[in-house]
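Worksheet: the structure to be examined is printed underneath.
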Amino acid sequence: ELLRIKSTSKVGLGPNNPQLNLHIHSESSNASFTHFTNTTTGVSASDGVSIGLDSDENAVIYNYESTALRFATGGSEISRFDSSGRLLVGTTTEGNGNADNLTIADSAACGMSIRSASNNVGSIYFSDDTSGTGEYMGMIGYDHSQNSLTFSSNATTALTISSSQVSTFASDIKTLRSGQANMIVGSSDAGGAALVLDGDSDGDASGGDYSYLMHNTSGDLVISVDNPAGGGSLYL
């Protein structure tokens with residue numbers, strides 16, 4: 001027996017008790033596929049589209065043509081894999097060639113959410129290898145347990161922004177541009193602004209051996225040395 005049509009109109013190709021409207025079954029670990037072609041694609045096994053189960057029990061969609069694989073709902077296309085394997089969501093046009101593997105578009109606001117547990121981390125990794133530090137040479141990570149944002153380069157943390165928006169740099173800060181280069185330290189509520197220099201082990205301006213350059217609320221430029229241990233200040 002090769003084909004059975006049950007009284008319930010279920011069709012079985014292989015099984016004698018088909019479970020769905022069309023049930024195709026192969027014995028052991030043999031592949032089981034349906035195949036679709038037309039005159040333009042040709043009719044060989046390597047033409048058109050095959051959908052089914054391969055011999056490793058993987059669910060497979062094979063598009064043998066150099067065309068897109070489209071997904072639609074509500075009568076409209078929502079995403080596609082184009083003939084180059086790029087995933088396009090909400091668009092049929094890929095992005096810039098340096099970043100076109102995934103393109104997301106919308107006619108209104110557009111974005112991507114990474115949702116992780118409240119005691120864990122959500123991350124984007126930049127990799128150039130399949131093992132070792134090459135898997136995370138660059139990284140952007142958000143730690144929900146600390147509500148802190150981290151940026152890494154060369155597999156090392158470069159910048160951490162705390163839950164209170166305090167930025168901690170792991171190395172030097174350098175501004176390089178043509179023309180005048182500026183670094184602005186400002187206050188949004190007229191509370192004064194300071195550049196603090198702390199050379200001790202914690203580097204958090206909590207000890208007695210830090211100095212600062214401040215523009216205070218009176219408009220003075222204050223240079224303070226070894227504050228608050230009494231090193232003295234200069235007001236300009």
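Identifiers for the structure tokens are assigned positionally: chains receive A, B, ... in sequence, residues are indexed from 1 per chain, and ligands are indexed from 1 in the order shown.
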- request: Just list the residues in region 78-217 of chain A DSSP gives strand (DSSP E or B) on the backbone, as a PyMOL selection string.
  value: chain A and resi 78-81+87-89+102-104+121-126+138-143+148-153+156-161+167-169+193-198+210-215
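Omitting Asn58 (chain A) and its sequence neighbours fewer than 5 positions away, and counting only C-alpha atoms, the residues within 12 Å are Ser29, Asn30, Ala31, Ser32, Phe33, Ile51, Gly52 and Leu53 of chain A.
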message: Residues within 6 Å of Phe81 (chain A), please, as a PyMOL selection string. Count only C-alpha atoms; anything in the same chain fewer than 3 positions from it doesn't count.
response: chain A and resi 68-69+85-87
With C-alpha atoms retained, could you export that selection as a PDB file, in the first residue's frame?
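As written to disk, again24.pdb reads:
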ATOM      1  CA  ALA A  68      13.838  35.373  -1.990  1.00  0.00           C
ATOM      2  CA  LEU A  69      12.223  33.290   0.715  1.00  0.00           C
ATOM      3  CA  GLY A  85      20.853  35.230   2.554  1.00  0.00           C
ATOM      4  CA  ARG A  86      20.215  38.655   4.093  1.00  0.00           C
ATOM      5  CA  LEU A  87      17.284  38.956   6.494  1.00  0.00           C
TER       6      LEU A  87
END
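By only C-alpha atoms, and with residues fewer than 6 positions from Ser7 (chain A) along its chain excluded, the set lying at most 12 Å from it is Asn17, Pro18 and Asn21 of chain A.
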Those residues you just picked out, can you put them in a file as an mmCIF file, in the first residue's frame with all heavy atoms?
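Saved file part-v5.cif follows:
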data_model
loop_
_atom_site.group_PDB
_atom_site.id
_atom_site.type_symbol
_atom_site.label_atom_id
_atom_site.label_comp_id
_atom_site.auth_asym_id
_atom_site.auth_seq_id
_atom_site.Cartn_x
_atom_site.Cartn_y
_atom_site.Cartn_z
ATOM 1 N N ASN A 17 -2.304 5.395 8.799
ATOM 2 C CA ASN A 17 -3.212 6.109 9.695
ATOM 3 C C ASN A 17 -2.811 7.579 9.740
ATOM 4 O O ASN A 17 -2.260 8.059 10.742
ATOM 5 C CB ASN A 17 -3.168 5.483 11.094
ATOM 6 C CG ASN A 17 -4.190 6.104 12.032
ATOM 7 O OD1 ASN A 17 -5.227 6.631 11.599
ATOM 8 N ND2 ASN A 17 -3.913 6.041 13.326
ATOM 9 N N PRO A 18 -3.013 8.326 8.646
ATOM 10 C CA PRO A 18 -2.590 9.730 8.583
ATOM 11 C C PRO A 18 -3.236 10.557 9.692
ATOM 12 O O PRO A 18 -4.414 10.381 10.000
ATOM 13 C CB PRO A 18 -3.042 10.183 7.204
ATOM 14 C CG PRO A 18 -4.118 9.229 6.808
ATOM 15 C CD PRO A 18 -3.749 7.918 7.430
ATOM 16 N N ASN A 21 -4.343 16.446 7.456
ATOM 17 C CA ASN A 21 -4.953 16.415 6.130
ATOM 18 C C ASN A 21 -4.038 15.752 5.102
ATOM 19 O O ASN A 21 -4.494 15.008 4.237
ATOM 20 C CB ASN A 21 -5.316 17.822 5.672
ATOM 21 C CG ASN A 21 -6.455 18.412 6.481
ATOM 22 O OD1 ASN A 21 -7.188 17.677 7.146
ATOM 23 N ND2 ASN A 21 -6.612 19.719 6.452
#
Spatial neighbours of Thr41 (chain A), 10 Å, only C-alpha atoms, chain gap at least 6 places, as a list in words: Asp47, Gly48, Val49, Tyr64 and Glu65 of chain A
Same residues, C-alpha atoms, output as a compact mmCIF listing (two decimals), in the first residue's frame:
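Writing the result to out_18.txt gives the following:
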# COMPACT_ATOMS: atom_id res chain seq x y z
CA ASP A 47 14.72 23.06 -8.99
CA GLY A 48 11.95 24.92 -7.23
CA VAL A 49 11.31 24.52 -3.51
CA TYR A 64 16.86 25.97 -5.07
CA GLU A 65 16.23 29.16 -7.06
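The space between CA of Ser224 (chain A) and CA of Gly199 (chain A) spans 14.4 Å.
Residues of region 31-136 of chain A that DSSP places in helix (DSSP H, G or I), based on the backbone of this structure, are A:Gly132, A:Thr133, A:Gly134, A:Glu135, A:Tyr136.
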Could you save those same residues with all heavy atoms as a compact mmCIF listing (two decimals), in the first residue's frame?
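Heads up, here's the output in selection_36.txt:
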# COMPACT_ATOMS: atom_id res chain seq x y z
N GLY A 132 37.67 31.46 22.13
CA GLY A 132 38.55 32.38 22.85
C GLY A 132 38.03 33.81 22.86
O GLY A 132 36.84 34.07 22.65
N THR A 133 38.94 34.76 23.11
CA THR A 133 38.55 36.17 23.20
C THR A 133 38.05 36.71 21.87
O THR A 133 37.37 37.74 21.84
CB THR A 133 39.73 37.03 23.68
OG1 THR A 133 40.84 36.86 22.78
CG2 THR A 133 40.15 36.62 25.09
N GLY A 134 38.39 36.02 20.77
CA GLY A 134 37.90 36.46 19.47
C GLY A 134 36.39 36.43 19.36
O GLY A 134 35.81 37.07 18.48
N GLU A 135 35.73 35.71 20.26
CA GLU A 135 34.27 35.65 20.25
C GLU A 135 33.63 36.91 20.86
O GLU A 135 32.43 37.13 20.68
CB GLU A 135 33.78 34.42 21.01
CG GLU A 135 34.09 33.11 20.32
CD GLU A 135 33.34 31.96 20.94
OE1 GLU A 135 33.75 31.52 22.04
OE2 GLU A 135 32.36 31.51 20.34
N TYR A 136 34.42 37.70 21.59
CA TYR A 136 33.85 38.90 22.22
C TYR A 136 34.87 40.05 22.22
O TYR A 136 35.02 40.76 23.20
CB TYR A 136 33.40 38.59 23.66
CG TYR A 136 34.45 37.95 24.55
CD1 TYR A 136 35.29 38.73 25.34
CD2 TYR A 136 34.58 36.58 24.62
CE1 TYR A 136 36.25 38.17 26.16
CE2 TYR A 136 35.52 35.98 25.45
CZ TYR A 136 36.35 36.79 26.21
OH TYR A 136 37.30 36.21 27.03
- request: Find the residues around Ser162 (chain A) up to 12 Å (only C-alpha atoms counted), leave out those fewer than 5 positions away in its own chain, and share them as a PyMOL selection string.
  value: chain A and resi 142-151+167-169
Give me the residues near Leu88 (chain A) as a short mmCIF file (atom, residue, chain, number, x, y, z; two decimals) with C-alpha atoms, in the first residue's frame, where near means some atom within 7 Å (using only C-alpha atoms) and where sequence neighbours in that chain fewer than 5 positions away do not count.
data_model
loop_
_atom_site.label_atom_id
_atom_site.label_comp_id
_atom_site.auth_asym_id
_atom_site.auth_seq_id
_atom_site.Cartn_x
_atom_site.Cartn_y
_atom_site.Cartn_z
CA SER A 79 10.06 39.66 6.23
CA ARG A 80 12.23 37.82 3.72
CA PHE A 81 15.57 36.16 3.23
CA GLU A 94 18.94 45.92 2.37
CA LEU A 102 20.00 42.15 9.03
CA THR A 103 17.90 45.18 8.07
CA ILE A 104 14.87 46.24 10.13
#
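Counting from CA of Ala193 (chain A), the distance to CA of Leu221 (chain A) is 9.8 Å.
The two atoms in question, CA of Ser127 (chain A) and CA of Ala170 (chain A), are spaced 21.0 Å apart.
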